[in-house]
file final-v4.cif (mmCIF, C-alpha atoms and all ligand atoms)
data_input
loop_
_atom_site.label_atom_id
_atom_site.label_comp_id
_atom_site.auth_asym_id
_atom_site.auth_seq_id
_atom_site.Cartn_x
_atom_site.Cartn_y
_atom_site.Cartn_z
CA MET A 1 -18.21 -3.23 -6.27
CA ASN A 2 -19.17 -5.75 -3.65
CA ALA A 3 -16.74 -7.74 -1.51
CA ILE A 4 -16.72 -10.80 -3.75
CA ASP A 5 -16.06 -8.78 -6.92
CA LEU A 6 -13.27 -6.87 -5.22
CA LEU A 7 -11.54 -10.01 -3.93
CA LYS A 8 -11.89 -11.75 -7.29
CA GLU A 9 -10.31 -8.74 -8.96
CA ASP A 10 -7.34 -9.07 -6.60
CA HIS A 11 -7.11 -12.76 -7.48
CA LYS A 12 -6.90 -11.91 -11.18
CA VAL A 13 -4.07 -9.46 -10.60
CA VAL A 14 -2.07 -12.14 -8.79
CA SER A 15 -2.91 -14.76 -11.41
CA ASN A 16 -1.59 -12.46 -14.13
CA LEU A 17 1.65 -12.02 -12.20
CA PHE A 18 1.97 -15.80 -11.92
CA ASP A 19 1.50 -16.07 -15.68
CA GLN A 20 4.33 -13.60 -16.11
CA VAL A 21 6.56 -15.70 -13.87
CA ARG A 22 5.83 -18.81 -15.92
CA SER A 23 6.51 -17.09 -19.22
CA THR A 24 9.77 -15.38 -18.26
CA PRO A 25 13.29 -16.59 -17.40
CA ASP A 26 14.40 -16.95 -13.78
CA SER A 27 16.35 -13.71 -13.99
CA LYS A 28 13.05 -11.77 -14.09
CA HIS A 29 11.42 -13.55 -11.18
CA PHE A 30 12.79 -11.63 -8.22
CA ALA A 31 11.38 -8.36 -9.53
CA LEU A 32 8.04 -10.05 -10.19
CA PHE A 33 8.10 -11.53 -6.70
CA LYS A 34 8.15 -8.05 -5.16
CA LYS A 35 4.89 -7.29 -6.94
CA ILE A 36 3.41 -10.65 -5.99
CA LYS A 37 4.34 -10.14 -2.34
CA ALA A 38 2.84 -6.64 -2.27
CA GLU A 39 -0.41 -7.93 -3.75
CA LEU A 40 -0.62 -10.96 -1.48
CA ASP A 41 0.35 -9.06 1.67
CA THR A 42 -2.39 -6.53 0.97
CA HIS A 43 -5.01 -9.07 -0.04
CA ALA A 44 -4.32 -11.30 2.96
CA HIS A 45 -4.47 -8.29 5.27
CA ILE A 46 -7.90 -7.14 4.13
CA GLU A 47 -9.30 -10.65 4.14
CA GLU A 48 -7.97 -11.37 7.61
CA THR A 49 -8.99 -8.08 9.19
CA VAL A 50 -12.33 -7.41 7.47
CA PHE A 51 -13.72 -10.27 5.39
CA TYR A 52 -12.91 -13.41 7.36
CA PRO A 53 -13.93 -11.94 10.75
CA ARG A 54 -17.37 -11.11 9.33
CA LEU A 55 -17.76 -14.61 7.90
CA LYS A 56 -16.80 -16.14 11.23
CA LYS A 57 -19.17 -13.83 13.08
CA ASP A 58 -22.29 -14.16 10.93
CA GLY A 59 -21.73 -17.17 8.69
CA LYS A 60 -23.17 -20.62 9.16
CA GLN A 61 -20.96 -23.43 10.39
CA ASP A 62 -19.92 -24.62 6.92
CA LEU A 63 -18.70 -21.15 6.10
CA VAL A 64 -16.94 -20.76 9.44
CA ASP A 65 -15.09 -24.03 8.85
CA ILE A 66 -13.82 -23.11 5.42
CA THR A 67 -12.84 -19.67 6.69
CA LEU A 68 -10.72 -21.17 9.45
CA GLU A 69 -9.09 -23.41 6.88
CA GLY A 70 -8.35 -20.38 4.74
CA ILE A 71 -6.68 -18.63 7.66
CA GLU A 72 -4.31 -21.57 8.10
CA GLU A 73 -3.52 -21.53 4.39
CA HIS A 74 -2.74 -17.83 4.61
CA ARG A 75 -0.34 -18.61 7.45
CA GLN A 76 1.63 -21.02 5.28
CA VAL A 77 1.86 -18.64 2.35
CA LYS A 78 2.91 -15.72 4.53
CA LEU A 79 5.68 -17.81 6.03
CA PHE A 80 7.13 -18.45 2.59
CA LEU A 81 6.68 -14.84 1.52
CA THR A 82 8.56 -13.65 4.60
CA GLU A 83 11.43 -16.06 3.94
CA MET A 84 11.62 -15.04 0.31
CA GLY A 85 11.43 -11.38 1.24
CA ARG A 86 14.65 -11.80 3.22
CA MET A 87 16.48 -13.12 0.16
CA ARG A 88 18.41 -10.54 -1.81
CA ARG A 89 18.18 -12.22 -5.18
CA GLY A 90 16.86 -15.25 -7.01
CA GLY A 91 18.44 -18.67 -7.25
CA ASP A 92 17.48 -22.31 -6.98
CA GLU A 93 16.08 -22.04 -3.45
CA PHE A 94 14.15 -18.92 -4.35
CA GLU A 95 12.69 -20.58 -7.45
CA ALA A 96 11.62 -23.62 -5.41
CA LYS A 97 9.85 -21.44 -2.87
CA LEU A 98 8.22 -19.35 -5.57
CA LYS A 99 6.82 -22.47 -7.22
CA VAL A 100 5.37 -23.65 -3.93
CA VAL A 101 3.84 -20.26 -3.18
CA MET A 102 2.20 -20.08 -6.58
CA GLU A 103 0.70 -23.55 -6.23
CA ASP A 104 -0.48 -22.84 -2.71
CA VAL A 105 -2.07 -19.56 -3.71
CA GLU A 106 -3.78 -21.04 -6.76
CA HIS A 107 -5.32 -23.77 -4.68
CA HIS A 108 -6.46 -21.29 -2.03
CA VAL A 109 -8.06 -19.09 -4.68
CA GLU A 110 -9.88 -22.10 -6.12
CA GLU A 111 -11.28 -22.88 -2.70
CA GLU A 112 -12.35 -19.31 -2.10
CA GLU A 113 -14.00 -18.86 -5.48
CA ASN A 114 -15.55 -22.33 -5.80
CA GLU A 115 -16.53 -23.04 -2.18
CA MET A 116 -16.27 -20.04 0.12
CA PHE A 117 -17.69 -17.27 -2.06
CA PRO A 118 -20.82 -19.21 -3.12
CA LEU A 119 -21.56 -19.80 0.56
CA VAL A 120 -21.00 -16.12 1.29
CA GLU A 121 -23.38 -15.09 -1.50
CA ASP A 122 -25.97 -17.49 -0.15
CA GLN A 123 -25.67 -16.43 3.49
CA PHE A 124 -25.23 -12.65 3.19
CA SER A 125 -27.48 -10.09 1.53
CA ASP A 126 -26.40 -7.97 -1.42
CA ALA A 127 -26.42 -4.89 0.81
CA VAL A 128 -24.08 -6.49 3.32
CA LEU A 129 -21.73 -7.59 0.56
CA LYS A 130 -21.64 -4.08 -0.86
CA ARG A 131 -20.88 -2.63 2.54
CA LEU A 132 -18.18 -5.24 3.07
CA GLY A 133 -16.69 -4.30 -0.29
CA ILE A 134 -16.39 -0.71 0.85
CA SER A 135 -14.83 -1.76 4.13
CA LEU A 136 -12.30 -3.89 2.24
CA LEU A 137 -11.44 -1.00 -0.01
CA ASN A 138 -10.99 1.34 2.94
CA ARG A 139 -8.78 -1.14 4.74
CA LYS A 140 -6.75 -1.67 1.60
CA GLN A 141 -6.16 2.03 1.24
CA LYS A 142 -5.05 2.37 4.85
CA PHE A 143 -2.71 -0.60 4.56
CA VAL A 144 -1.09 0.74 1.41
CA GLN A 145 -0.68 4.21 2.89
CA ALA A 146 1.01 2.72 5.94
CA ASN A 147 3.36 0.53 3.89
CA PRO A 148 5.30 2.51 1.27
CA ASP A 149 7.10 -0.58 0.03
CA VAL A 150 3.74 -2.18 -0.72
CA ALA A 151 2.46 0.99 -2.38
CA LYS A 152 5.47 1.02 -4.66
CA ASN A 153 4.78 -2.47 -5.97
CA LEU A 154 0.99 -2.71 -5.92
CA ALA A 155 -0.50 -3.03 -9.40
CA ASN A 156 -3.98 -1.57 -8.85
CA ARG A 157 -3.21 1.29 -6.48
CA PRO A 158 -4.41 4.28 -8.58
CA ARG A 159 -8.02 3.15 -8.94
CA MET A 160 -8.19 2.32 -5.26
CA MET A 161 -6.97 5.75 -4.20
CA LYS A 162 -9.51 7.53 -6.40
CA THR A 163 -12.48 5.76 -4.90
CA GLY A 164 -11.37 6.04 -1.31
CA MET A 165 -12.63 9.60 -0.75
CA LEU A 166 -16.28 8.77 -1.29
CA THR A 167 -16.45 5.57 0.63
CA SER A 168 -17.52 6.86 4.04
CA ILE A 169 -20.50 8.70 2.56
CA TYR A 170 -21.49 5.73 0.48
CA GLU A 171 -21.04 3.34 3.37
CA THR A 172 -23.43 5.38 5.48
CA ALA A 173 -26.04 5.32 2.72
CA VAL A 174 -25.67 1.59 2.14
CA THR A 175 -25.99 0.90 5.85
CA ALA A 176 -29.24 2.86 5.97
CA VAL A 177 -30.69 1.07 2.94
CA GLU A 178 -29.57 -2.26 4.29
CA GLY A 179 -31.38 -1.58 7.54
CA MET A 180 -34.57 -0.65 5.73
CA LEU A 181 -34.43 -3.71 3.50
CA GLY A 182 -33.78 -5.93 6.47
CA MET A 183 -36.80 -4.58 8.31
CA ALA A 184 -38.99 -4.73 5.22
CA ASN A 185 -38.41 -8.29 4.04
CA GLY A 186 -36.06 -9.95 6.49
CA LYS A 187 -33.58 -10.63 3.69
CA ASN A 188 -30.58 -9.37 5.61
CA LYS A 189 -28.94 -12.62 6.52
CA GLY A 190 -26.25 -11.14 8.74
CA THR A 191 -28.66 -10.30 11.53
CA ALA A 192 -27.90 -9.95 15.21
CA SER A 193 -30.40 -12.64 16.14
CA LYS A 194 -28.72 -15.20 13.91
CA THR A 195 -25.37 -14.28 15.33
CA SER A 196 -26.41 -14.63 18.92
CA SER A 197 -28.26 -17.88 18.39
CA SER A 198 -25.27 -19.56 16.82
CA ALA A 199 -22.48 -17.98 18.82
CA ALA A 200 -22.07 -20.80 21.34
CA GLY A 201 -21.96 -23.51 18.71
CA LYS A 202 -19.46 -21.60 16.67
CA GLY A 203 -17.16 -21.22 19.63
CA LYS A 204 -17.02 -24.97 20.15
CA ALA A 205 -16.53 -25.63 16.47
CA LYS A 206 -13.71 -23.11 16.28
CA ALA A 207 -11.90 -24.82 19.14
CA ALA A 208 -12.28 -28.24 17.53
CA LYS A 209 -11.19 -26.98 14.11
CA SER A 210 -8.30 -25.12 15.62
CA SER A 211 -6.96 -28.20 17.37
CA SER A 212 -7.09 -30.26 14.20
CA ASN A 213 -5.78 -27.50 12.02
CA GLY A 214 -3.12 -25.99 14.25
CA SER A 215 -0.14 -24.22 12.81
CA ALA A 216 2.29 -26.88 14.02
CA SER A 217 0.55 -29.38 11.77
CA ALA A 218 0.22 -27.05 8.83
CA LYS A 219 2.93 -28.78 6.85
CA LYS A 220 2.80 -32.19 8.45
CA GLY A 221 -0.90 -32.68 7.91
CA ALA A 222 -0.88 -31.44 4.37
CA SER A 223 -1.50 -34.77 2.71
CA SER A 224 -4.67 -35.50 4.62
CA ARG A 225 -5.88 -31.92 4.18
CA THR A 226 -5.36 -32.16 0.49
CA ALA A 227 -7.34 -35.38 0.39
CA ASN A 228 -10.16 -33.77 2.33
CA LYS A 229 -10.20 -30.80 0.04
CA ASN A 230 -10.32 -32.93 -3.04
CA SER A 231 -13.18 -34.94 -1.67
CA LYS A 232 -15.30 -31.91 -0.79
CA ALA A 233 -14.52 -29.89 -3.90
CA PRO A 234 -15.06 -32.21 -6.81
CA ALA A 235 -15.92 -29.32 -9.08
CA ALA A 236 -12.62 -27.55 -8.47
CA LYS A 237 -10.28 -27.33 -11.41
CA GLY A 238 -7.61 -29.99 -11.37
CA HIS A 239 -4.16 -28.72 -10.47
CA SER A 240 -0.83 -29.93 -9.36
CA ALA A 241 -1.31 -30.11 -5.59
CA GLY A 242 -1.95 -33.85 -5.66
CA GLY A 243 1.49 -34.70 -6.95
CA ARG A 244 3.13 -32.82 -4.12
CA GLY A 245 0.82 -34.15 -1.45
CA ARG A 246 0.42 -30.63 -0.10
CA SER A 247 -2.33 -28.14 -0.25
CA ALA A 248 -1.87 -25.30 -2.61
CA SER A 249 -3.51 -21.93 -2.00
CA LYS A 250 -3.99 -18.27 -2.89
FE FE B 301 -8.67 -14.21 -1.58
FE FE B 302 -7.67 -15.82 1.19
#
call {"tool": "encode", "arguments": {"input": "final-v4.cif", "output": "structure tokens"}}
result
Amino acid sequence: MNAIDLLKEDHKVVSNLFDQVRSTPDSKHFALFKKIKAELDTHAHIEETVFYPRLKKDGKQDLVDITLEGIEEHRQVKLFLTEMGRMRRGGDEFEAKLKVVMEDVEHHVEEEENEMFPLVEDQFSDAVLKRLGISLLNRKQKFVQANPDVAKNLANRPRMMKTGMLTSIYETAVTAVEGMLGMANGKNKGTASKTSSSAAGKGKAKAAKSSSNGSASAKKGASSRTANKNSKAPAAKGHSAGGRGRSASK
């Protein structure tokens, strides 16, 4: 399973949990939230420590920009998850936060699947994506092992644990094949030469993006961000973010 398939699978698990929230009474939501938090904590961790860094390192500027935006969206969601995690039970405030988190996550997933992932598939070779998938799986396993509370609530833990034992061998093989393919036809898009040639430009762009997208403005600048997103993602499915004037994400 390559990186994109793995991340999309995670998205489906979370989407199913959201469906359960919407089809059950409030009294069931706190228990569902524990599962949602475990899934999102894990997914955000592997994206932020494995996937996003690779996109920032070897992606073109358009991909770097959308990755930085995704990191800010993660920050907002994690803030809510932390606050909700401190609550002992449901209630009106909890329900309000849960609704916001679900909308934010859904919007973020739309952006990843409709904008980010197509760019990734265009800019990275199949071999690199497979290797990234293995790295994501390894990181997921380590994160779950280090966080028993997450392990207890994670929906897809058994399959992940089974595959973990073979990953280092497979990763070595994939790396070797990737190297051969890269030398043979130059298809490997995540090459060192591309990275070094664009490194300076990326550094400047990151600084500019960071200043306009800083955490202090994460909430305040939501309306304009939402407008920007809508304008650059006309194909994205319509959802409720517009009414709130705030971005919604994974
Ligand atoms: Fe994601
Ligand atoms: Fe994400």
call {"tool": "residues_near_ligand", "arguments": {"input": "final-v4.cif", "ligand": "ligand FE 301 (chain B)", "cutoff": "8 Å", "atoms": "all atoms listed in the file", "output": "list in words"}}
result
Leu7, Lys8, Asp10, His11, His43, Ala44, Glu47, His108, Val109, Glu112 and Lys250 of chain A
call {"tool": "atom_distance", "arguments": {"input": "final-v4.cif", "atom1": "CA of Val14 in chain A", "atom2": "CA of Phe33 in chain A"}}
result
10.4 Å
call {"tool": "closest_residue", "arguments": {"input": "final-v4.cif", "among": "A:Glu95, A:Asp62, A:Glu39, A:Glu111", "to": "Glu9 in chain A", "atoms": "all atoms listed in the file"}}
result
A:Glu39
call {"tool": "residues_near_ligand", "arguments": {"input": "final-v4.cif", "ligand": "ligand FE 302 (chain B)", "cutoff": "12 Å", "atoms": "all atoms listed in the file", "output": "ChimeraX atom specification"}}
result
/A:4,7-8,10-11,39-52,66-78,104-113,115-117,248-250
call {"tool": "atom_distance", "arguments": {"input": "final-v4.cif", "atom1": "CA of Leu137 in chain A", "atom2": "CA of Val13 in chain A"}}
result
15.4 Å
call {"tool": "atom_distance", "arguments": {"input": "final-v4.cif", "atom1": "CA of Gln20 in chain A", "atom2": "CA of Glu103 in chain A"}}
result
14.5 Å
call {"tool": "closest_residue", "arguments": {"input": "final-v4.cif", "among": "A:Ala96, A:Leu136, A:Ala146, A:Val101", "to": "Lys37 in chain A", "atoms": "all atoms listed in the file"}}
result
A:Val101
call {"tool": "closest_residue", "arguments": {"input": "final-v4.cif", "among": "A:Gln145, A:Asn138, A:Gln61, A:Asn153", "to": "Leu119 in chain A", "atoms": "only C-alpha atoms"}}
result
A:Gln61
call {"tool": "closest_residue", "arguments": {"input": "final-v4.cif", "among": "A:Ile134, A:Leu32, A:Val64, A:Ala151", "to": "Arg89 in chain A", "atoms": "all atoms listed in the file"}}
result
A:Leu32
call {"tool": "residues_around", "arguments": {"input": "final-v4.cif", "residues": "Ala31 in chain A", "least_positions_apart": "3", "cutoff": "12 Å", "atoms": "all atoms listed in the file", "output": "PyMOL selection string"}}
result
chain A and resi 17+20-21+24-28+34-38+84-85+87-90+153
call {"tool": "closest_residue", "arguments": {"input": "final-v4.cif", "among": "A:Leu55, A:Asn16, A:Thr82, A:Asn2", "to": "Ala155 in chain A", "atoms": "all atoms listed in the file"}}
result
A:Asn16
